[in-house]
Amino acid sequence: MPKFFVTTPIYYVNDAPHIGHAYTTILADVLARFHRIAGDEVFFLTGLDEHGQKVKQAAQKRGLKPQAHCDDLAPRFLNLWQKLDIRFDDFIRTTEERHKKIVQLVLQKVHDAGDIYVDEYEGWYSVAEERFISQSEYTSGQFRDVKKLKEKNYFFKMGKYQQQLIDYLESHPDFIEPEHRKNEMLGFLRQPLSDLCISRPKARMDWGIEIPFDRDYVTYVWFDALVNYISVPGYGSDDAKFKKWWPAQVHLIGKDILTTHSIYWTTILFSLGLSLPKTIFAHGWWLIGQTKMSKSLGNVVNPLDLIDQYGADAVRYYLMREMVLGSDANFTLDSFNKCFNSDLANDFGNLLNRVSGLIAKNHGGRIPGAGLLTAVEEDIKKQANALPGKVKDLVNAFEVQEAVVAVIEFVRVLNKYMEAQAPWKLARTDMKAAERVLYTAAEGLRIASIMLAPVMPQKIATVLDILGAVGSKPVWGQLKAGTALKTHPPLFPRIELDDLKKSSV
RNA sequence: CGCGGGGUGGAGCAGCCCGGUAGCUCGCCAGGCUCAUAACCUGGAGGUCAUAGGUUCAAAUCCUGUCCCCGCAACCA
């Protein structure tokens with residue numbers, strides 16, 4: 001059975017979760033669910049990054065110990081994931097013992113391999129950025145809170161892997177996606193790659209994992225956070241498990257942490273002698289606000305606020321439908337409303353109503369038999385059977401938006417088919433034909449629904465329940481004639497834009 | 001020369017990597033249907049693909065220059 005190991009970054013707990021965290025995590029969940037229905041064995045990993053200066057500061061500000069602060073913030077993430085129907089397989093917090101001991105193991109191994117050395121460094125230190133900045137960065141005046149600091153620290157010999165990394169990028173076109181990000185990294189690598197400072201003296205910052213070969217130091221973020229990708233699937237603790245899952249199929253990340261992953265993490269893996277993940281995929285950002293619509297409404301709407309009103313599925317659908325992976329996308333309430341009404345209410349939800357309504361009215365509320373299909377139905381059947389493969393190919397190419405659109409386009413085909421066949425007329429003249437049409441439409445809808453299940457798990461579960469087809473596969477013919485349809489309210493009630501205006505004024 | 005994204009019919013976007021009738025959603029106009037969440041279906045108007053050059057039989061698509069817009073530059077996917 002093919003396996004699919006997908007990760008999100010582990011999120012930094014110095015603040016509450018926002019749309020960016022939610023987007024990446026939903027995307028990972030959607031990919032995981034697509035792979036599950038394709039029959040792959042899936043491991044979906046997400047979690048929290050809980051060490052570091054800013055966490056310590058955030059805790060101090062609240063008068064809490066760092067761990068108490070983390071324990072308080074972790075549920076906010078977990079609650080949001082629950083609300084959004086995120087079905088992860090493991091959730092790592094870097095303060096967990098199982099992680100800490102592997103981080104120390106990794107540090108020791110890299111040290112033993114001769115890739116870590118100690119050096120004294122004097123330079124400008126940005127308290128805000130928690131790192132030393134270069135002379136040119138200092139003179140740029142862009143960093144506040146800068147002071148001169150002289151300090152002994154441990155360094156990772158990242159520079160020695162520069163050529164190996166360049167060769168790898170050039171010989172593995174799928175490693176960093178989208179392609180322009182790979183080019184960005186190759187551009188970055190044209191400059192000499194310096195070594196990486198990986199420690200902080202406890203005297204200055206002690207909220208971290210102790211370096212095994214020097215107890216006066218803790219390790220800085222890189223060897224802590226990134227290592228979660230291997231510590232969880234069993235590196236150093238469970239060889240069979242690790243062998244099964246590593247390397248990951250994809251690390252999903254935002255474009256802001258591309259360098260961290262494609263350079264720092266990759267060279268760490270080189271040093272450990274491990275394989276690299278198949279793909280690091282950097283998606284774009286959600287830009288919010290600044291449109292006419294939100295201005296006229298006088299407020300900036302956080303997409304996460306829409307969950308309570310319209311449900312997690314609608315928000316998930318919108319986020320997947322609207323962003324072309326790799327580019328930035330704009331969130332506006334207006335585009336959400338349009339997407340919701342047009343795709344979910346008018347096309348998808350309404351098709352269900354048309355079909356179930358007619359079956360209730362003219363066919364005793366039971367799914368009619370298909371009878372003999374004509375050429376028109378054969379064509380629908382062909383499209384329905386082709387849909388899963390089409391969607392799978394698009395998802396594998398990270399074209400999630402296209403995959404969603406492909407399904408909704410098929411829903412439109414079904415609406416057209418209904419219009420052309422007019423089963424409400426046929427019921428008066430040719431009952432057999434009416435039955436055939438409604439079976440075909442319902443069966444098409446069932447298959448389309450299953451292909452949307454990864455994006456909208458809750459609503460699709462409802463649809464399949466209505467159709468009496470829970471657990472069915474996206475293959476033509478599994479809808480059973482004679483099954484009683486459940487009555488139901490509209491799946492996605494239209495958002496009445498006039499009401500909306502009124503209520504917000 | 002801070003980093004990055006973008007300029008395609010009224011709005012929002014896809015297409016650009018791998019040149020060859022300019023596509024989608026919304027809106028608008030007309031018609032159809034009247035099973036359905038005033039939804040659905042058909043047809044139509046509307047674009048010199050920012051701009052100036054270049055390459056080519058052929059460019060939204062490749063190359064060069066110019067102009068403009070936006071995000072980041074405090075956190076952060």
# chains A, B, ... in the order shown; residues from 1 in each chain; ligands from 1
call {"tool": "residues_around", "arguments": {"residues": "Ala225 in chain A", "least_positions_apart": "6", "cutoff": "8 Å", "atoms": "only C-alpha atoms (C1' of nucleotides)", "output": "list in words"}}
result
Ile10, Asp49 and Thr94 of chain A
call {"tool": "interface_residues", "arguments": {"of": "chain A", "to": "chain B", "cutoff": "6 Å", "atoms": "only C-alpha atoms (C1' of nucleotides)", "output": "ChimeraX atom specification"}}
result
/A:20-21,24,254,346,353-354,358,419,424,493
call {"tool": "residues_around", "arguments": {"residues": "Val13 in chain A", "least_positions_apart": "5", "cutoff": "9 Å", "atoms": "only C-alpha atoms (C1' of nucleotides)", "output": "tab-separated table (two decimals) with all heavy atoms, in the first residue's frame"}}
result
chain	number	residue	atom	x	y	z
A	48	LEU	N	3.31	21.93	17.69
A	48	LEU	CA	3.65	23.25	18.19
A	48	LEU	C	5.13	23.36	18.54
A	48	LEU	O	5.74	22.43	19.05
A	48	LEU	CB	2.83	23.56	19.45
A	48	LEU	CG	1.30	23.59	19.28
A	48	LEU	CD1	0.64	23.80	20.63
A	48	LEU	CD2	0.89	24.67	18.29
A	49	ASP	N	5.66	24.52	18.28
A	49	ASP	CA	7.04	24.87	18.60
A	49	ASP	C	6.99	25.71	19.88
A	49	ASP	O	6.46	26.81	19.86
A	49	ASP	CB	7.62	25.66	17.42
A	49	ASP	CG	9.03	26.15	17.70
A	49	ASP	OD1	9.63	25.72	18.70
A	49	ASP	OD2	9.52	26.96	16.89
A	50	GLU	N	7.49	25.16	20.98
A	50	GLU	CA	7.22	25.81	22.26
A	50	GLU	C	8.43	26.41	22.96
A	50	GLU	O	8.29	26.95	24.05
A	50	GLU	CB	6.52	24.80	23.20
A	50	GLU	CG	5.26	24.24	22.58
A	50	GLU	CD	4.39	23.45	23.55
A	50	GLU	OE1	4.95	22.73	24.41
A	50	GLU	OE2	3.16	23.56	23.44
A	51	HIS	N	9.60	26.30	22.35
A	51	HIS	CA	10.77	26.87	23.00
A	51	HIS	C	11.10	28.25	22.43
A	51	HIS	O	10.52	28.68	21.45
A	51	HIS	CB	11.97	25.93	22.84
A	51	HIS	CG	11.84	24.68	23.65
A	51	HIS	ND1	11.91	23.43	23.08
A	51	HIS	CD2	11.62	24.49	24.97
A	51	HIS	CE1	11.74	22.51	24.03
A	51	HIS	NE2	11.56	23.12	25.18
A	54	LYS	N	10.88	34.25	22.61
A	54	LYS	CA	9.60	34.95	22.57
A	54	LYS	C	8.53	34.25	23.38
A	54	LYS	O	7.66	34.89	23.95
A	54	LYS	CB	9.14	35.10	21.12
A	54	LYS	CG	10.04	36.02	20.34
A	54	LYS	CD	9.33	36.67	19.19
A	54	LYS	CE	10.31	37.47	18.34
A	54	LYS	NZ	11.02	36.59	17.37
A	55	VAL	N	8.63	32.94	23.43
A	55	VAL	CA	7.68	32.21	24.27
A	55	VAL	C	7.95	32.57	25.73
A	55	VAL	O	7.02	32.83	26.51
A	55	VAL	CB	7.83	30.69	24.06
A	55	VAL	CG1	7.02	29.93	25.10
A	55	VAL	CG2	7.37	30.31	22.66
A	69	HIS	N	2.48	28.67	30.16
A	69	HIS	CA	2.03	29.46	29.02
A	69	HIS	C	1.75	28.55	27.82
A	69	HIS	O	0.72	28.66	27.15
A	69	HIS	CB	3.10	30.50	28.67
A	69	HIS	CG	2.90	31.17	27.36
A	69	HIS	ND1	2.01	32.21	27.19
A	69	HIS	CD2	3.46	30.95	26.14
A	69	HIS	CE1	2.05	32.60	25.92
A	69	HIS	NE2	2.91	31.86	25.27
A	70	CYS	N	2.66	27.63	27.56
A	70	CYS	CA	2.48	26.69	26.44
A	70	CYS	C	1.25	25.81	26.67
A	70	CYS	O	0.46	25.58	25.75
A	70	CYS	CB	3.71	25.80	26.30
A	70	CYS	SG	5.19	26.69	25.80
A	73	LEU	N	-1.71	27.76	25.77
A	73	LEU	CA	-1.94	28.07	24.35
A	73	LEU	C	-2.22	26.83	23.50
A	73	LEU	O	-2.95	26.91	22.52
A	73	LEU	CB	-0.74	28.83	23.78
A	73	LEU	CG	-0.84	30.34	23.96
A	73	LEU	CD1	0.49	31.01	23.70
A	73	LEU	CD2	-1.90	30.94	23.04
A	74	ALA	N	-1.65	25.72	23.88
A	74	ALA	CA	-1.81	24.51	23.06
A	74	ALA	C	-3.28	24.19	22.78
A	74	ALA	O	-3.65	23.90	21.65
A	74	ALA	CB	-1.10	23.33	23.72
A	77	PHE	N	-4.90	25.98	19.85
A	77	PHE	CA	-4.65	25.39	18.54
A	77	PHE	C	-5.48	24.12	18.38
A	77	PHE	O	-6.17	23.95	17.37
A	77	PHE	CB	-3.16	25.07	18.38
A	77	PHE	CG	-2.33	26.29	18.08
A	77	PHE	CD1	-1.87	27.11	19.10
A	77	PHE	CD2	-2.03	26.64	16.77
A	77	PHE	CE1	-1.12	28.25	18.83
A	77	PHE	CE2	-1.28	27.77	16.48
A	77	PHE	CZ	-0.82	28.58	17.51
call {"tool": "residues_around", "arguments": {"residues": "range 45-53 of chain B", "least_positions_apart": "5", "cutoff": "7 Å", "atoms": "only C-alpha atoms (C1' of nucleotides)", "output": "list in words"}}
result
G7, U8, G9, A60 and C67 of chain B
call {"tool": "write_last_selection", "arguments": {"atoms": "C-alpha atoms (C1' of nucleotides)", "output": "PDB file, in the first residue's frame"}}
result
ATOM      1  C1'   G B   7      -1.021  44.554 -13.936  1.00  0.00           C
ATOM      2  C1'   U B   8      -5.925  39.774 -18.968  1.00  0.00           C
ATOM      3  C1'   G B   9     -13.776  42.426 -21.080  1.00  0.00           C
ATOM      4  C1'   A B  60      -1.051  37.184 -23.045  1.00  0.00           C
ATOM      5  C1'   C B  67       5.431  52.823 -15.926  1.00  0.00           C
TER       6        C B  67
END
call {"tool": "select_by_dssp", "arguments": {"residues": "range 224-401 of chain A", "states": "strand (DSSP E)", "output": "PyMOL selection string"}}
result
chain A and resi 250-254+279-283+286-288+329-331
call {"tool": "select_by_dssp", "arguments": {"residues": "range 224-291 of chain A", "states": "helix (DSSP H, G or I)", "output": "ChimeraX atom specification"}}
result
/A:224-226,228-231,239-245,255-272
call {"tool": "write_last_selection", "arguments": {"atoms": "N, CA and C atoms", "output": "compact mmCIF listing (two decimals), in the first residue's frame"}}
result
# COMPACT_ATOMS: atom_id res chain seq x y z
N ASP A 224 15.90 22.19 17.05
CA ASP A 224 14.78 21.86 17.92
C ASP A 224 13.53 21.62 17.07
N ALA A 225 13.03 22.69 16.47
CA ALA A 225 11.75 22.60 15.76
C ALA A 225 11.80 21.65 14.57
N LEU A 226 12.79 21.82 13.71
CA LEU A 226 12.81 21.04 12.47
C LEU A 226 12.89 19.54 12.72
N ASN A 228 11.39 17.77 14.60
CA ASN A 228 10.10 17.11 14.84
C ASN A 228 9.69 16.21 13.68
N TYR A 229 10.13 16.59 12.49
CA TYR A 229 9.75 15.81 11.30
C TYR A 229 10.29 14.39 11.34
N ILE A 230 11.39 14.19 12.09
CA ILE A 230 11.89 12.82 12.21
C ILE A 230 11.71 12.25 13.61
N SER A 231 11.65 13.11 14.62
CA SER A 231 11.51 12.57 15.97
C SER A 231 10.16 11.86 16.13
N ASP A 239 12.81 2.04 14.96
CA ASP A 239 13.38 1.90 13.62
C ASP A 239 12.37 1.44 12.58
N ALA A 240 11.50 0.53 12.97
CA ALA A 240 10.54 0.00 12.00
C ALA A 240 9.59 1.11 11.56
N LYS A 241 9.12 1.86 12.54
CA LYS A 241 8.21 2.95 12.23
C LYS A 241 8.90 3.99 11.34
N PHE A 242 10.13 4.30 11.72
CA PHE A 242 10.84 5.32 10.95
C PHE A 242 11.09 4.86 9.52
N LYS A 243 11.44 3.63 9.39
CA LYS A 243 11.70 3.10 8.06
C LYS A 243 10.43 3.15 7.20
N LYS A 244 9.33 2.92 7.88
CA LYS A 244 8.06 2.92 7.16
C LYS A 244 7.69 4.31 6.65
N TRP A 245 7.92 5.33 7.47
CA TRP A 245 7.39 6.65 7.11
C TRP A 245 8.39 7.60 6.48
N LYS A 255 5.59 30.45 2.38
CA LYS A 255 6.76 30.90 1.63
C LYS A 255 7.78 31.61 2.53
N ASP A 256 7.35 32.03 3.71
CA ASP A 256 8.25 32.76 4.60
C ASP A 256 9.31 31.86 5.25
N ILE A 257 9.05 30.57 5.29
CA ILE A 257 10.04 29.71 5.95
C ILE A 257 10.67 28.73 4.96
N LEU A 258 10.79 29.20 3.74
CA LEU A 258 11.37 28.35 2.69
C LEU A 258 12.86 28.09 2.94
N THR A 259 13.59 29.14 3.29
CA THR A 259 15.03 28.98 3.48
C THR A 259 15.31 28.02 4.64
N THR A 260 14.58 28.21 5.70
CA THR A 260 14.74 27.35 6.86
C THR A 260 14.63 25.88 6.47
N HIS A 261 13.63 25.61 5.66
CA HIS A 261 13.39 24.21 5.31
C HIS A 261 14.31 23.71 4.20
N SER A 262 14.45 24.47 3.15
CA SER A 262 15.18 23.92 2.01
C SER A 262 16.69 24.01 2.20
N ILE A 263 17.16 24.85 3.10
CA ILE A 263 18.60 24.95 3.31
C ILE A 263 19.00 24.37 4.67
N TYR A 264 18.43 24.90 5.73
CA TYR A 264 18.87 24.47 7.07
C TYR A 264 18.51 23.00 7.31
N TRP A 265 17.25 22.72 7.14
CA TRP A 265 16.78 21.36 7.42
C TRP A 265 17.45 20.34 6.52
N THR A 266 17.57 20.70 5.28
CA THR A 266 18.16 19.79 4.30
C THR A 266 19.60 19.45 4.65
N THR A 267 20.36 20.46 5.05
CA THR A 267 21.77 20.17 5.36
C THR A 267 21.89 19.37 6.66
N ILE A 268 20.96 19.61 7.58
CA ILE A 268 20.95 18.78 8.80
C ILE A 268 20.75 17.31 8.41
N LEU A 269 19.82 17.09 7.49
CA LEU A 269 19.56 15.72 7.04
C LEU A 269 20.78 15.14 6.33
N PHE A 270 21.46 15.97 5.57
CA PHE A 270 22.70 15.50 4.92
C PHE A 270 23.68 15.02 5.98
N SER A 271 23.83 15.83 7.02
CA SER A 271 24.79 15.49 8.06
C SER A 271 24.43 14.19 8.76
N LEU A 272 23.12 13.97 8.91
CA LEU A 272 22.65 12.74 9.57
C LEU A 272 22.68 11.54 8.62
call {"tool": "residues_around", "arguments": {"residues": "Pro212 in chain A", "least_positions_apart": "2", "cutoff": "9 Å", "atoms": "only C-alpha atoms (C1' of nucleotides)", "output": "JSON, numbers by chain"}}
result
{"A": [104, 105, 107, 108, 209, 210, 214, 215, 217, 218]}
call {"tool": "atom_distance", "arguments": {"atom1": "CA of Gln401 in chain A", "atom2": "CA of Ser327 in chain A"}}
result
11.6 Å
call {"tool": "residues_around", "arguments": {"residues": "Gln67 in chain A", "least_positions_apart": "4", "cutoff": "9 Å", "atoms": "only C-alpha atoms (C1' of nucleotides)", "output": "number ranges by chain"}}
result
A: 50, 56, 59, 71-72, 95
call {"tool": "write_last_selection", "arguments": {"atoms": "all heavy atoms", "output": "PDB file, in the first residue's frame"}}
result
ATOM      1  N   GLU A  50       7.489  25.163  20.980  1.00  0.00           N
ATOM      2  CA  GLU A  50       7.220  25.810  22.256  1.00  0.00           C
ATOM      3  C   GLU A  50       8.434  26.410  22.956  1.00  0.00           C
ATOM      4  O   GLU A  50       8.292  26.951  24.048  1.00  0.00           O
ATOM      5  CB  GLU A  50       6.523  24.802  23.197  1.00  0.00           C
ATOM      6  CG  GLU A  50       5.261  24.240  22.581  1.00  0.00           C
ATOM      7  CD  GLU A  50       4.392  23.451  23.552  1.00  0.00           C
ATOM      8  OE1 GLU A  50       4.946  22.730  24.406  1.00  0.00           O
ATOM      9  OE2 GLU A  50       3.165  23.559  23.441  1.00  0.00           O
ATOM     10  N   LYS A  56       9.226  32.617  26.066  1.00  0.00           N
ATOM     11  CA  LYS A  56       9.583  32.956  27.431  1.00  0.00           C
ATOM     12  C   LYS A  56       9.071  34.354  27.790  1.00  0.00           C
ATOM     13  O   LYS A  56       8.494  34.573  28.859  1.00  0.00           O
ATOM     14  CB  LYS A  56      11.104  32.895  27.593  1.00  0.00           C
ATOM     15  CG  LYS A  56      11.506  32.924  29.045  1.00  0.00           C
ATOM     16  CD  LYS A  56      13.001  32.861  29.233  1.00  0.00           C
ATOM     17  CE  LYS A  56      13.309  33.009  30.726  1.00  0.00           C
ATOM     18  NZ  LYS A  56      14.753  33.045  30.988  1.00  0.00           N
ATOM     19  N   ALA A  59       5.365  34.485  28.139  1.00  0.00           N
ATOM     20  CA  ALA A  59       4.982  33.884  29.413  1.00  0.00           C
ATOM     21  C   ALA A  59       5.213  34.872  30.558  1.00  0.00           C
ATOM     22  O   ALA A  59       4.339  35.068  31.410  1.00  0.00           O
ATOM     23  CB  ALA A  59       5.786  32.613  29.643  1.00  0.00           C
ATOM     24  N   ASP A  71       1.120  25.345  27.891  1.00  0.00           N
ATOM     25  CA  ASP A  71      -0.016  24.483  28.202  1.00  0.00           C
ATOM     26  C   ASP A  71      -1.332  25.222  28.032  1.00  0.00           C
ATOM     27  O   ASP A  71      -2.370  24.627  27.755  1.00  0.00           O
ATOM     28  CB  ASP A  71       0.088  23.962  29.640  1.00  0.00           C
ATOM     29  CG  ASP A  71       1.247  22.979  29.802  1.00  0.00           C
ATOM     30  OD1 ASP A  71       1.758  22.518  28.757  1.00  0.00           O
ATOM     31  OD2 ASP A  71       1.633  22.696  30.943  1.00  0.00           O
ATOM     32  N   ASP A  72      -1.262  26.518  28.194  1.00  0.00           N
ATOM     33  CA  ASP A  72      -2.462  27.318  28.027  1.00  0.00           C
ATOM     34  C   ASP A  72      -2.775  27.571  26.551  1.00  0.00           C
ATOM     35  O   ASP A  72      -3.932  27.579  26.139  1.00  0.00           O
ATOM     36  CB  ASP A  72      -2.279  28.663  28.736  1.00  0.00           C
ATOM     37  CG  ASP A  72      -3.496  29.547  28.586  1.00  0.00           C
ATOM     38  OD1 ASP A  72      -4.582  29.118  29.014  1.00  0.00           O
ATOM     39  OD2 ASP A  72      -3.371  30.645  28.008  1.00  0.00           O
ATOM     40  N   THR A  95       8.062  20.513  23.711  1.00  0.00           N
ATOM     41  CA  THR A  95       8.457  20.360  25.108  1.00  0.00           C
ATOM     42  C   THR A  95       8.222  18.934  25.609  1.00  0.00           C
ATOM     43  O   THR A  95       8.517  18.629  26.760  1.00  0.00           O
ATOM     44  CB  THR A  95       7.660  21.327  26.008  1.00  0.00           C
ATOM     45  OG1 THR A  95       6.268  21.220  25.699  1.00  0.00           O
ATOM     46  CG2 THR A  95       8.104  22.762  25.794  1.00  0.00           C
TER      47      THR A  95
END
call {"tool": "closest_residue", "arguments": {"among": "A:Gly39, A:Pro17, A:Pro75, A:Gly468", "to": "Ile367 in chain A", "atoms": "only C-alpha atoms"}}
result
A:Gly468
call {"tool": "atom_distance", "arguments": {"atom1": "CA of Thr483 in chain A", "atom2": "CA of Ala38 in chain A"}}
result
26.3 Å
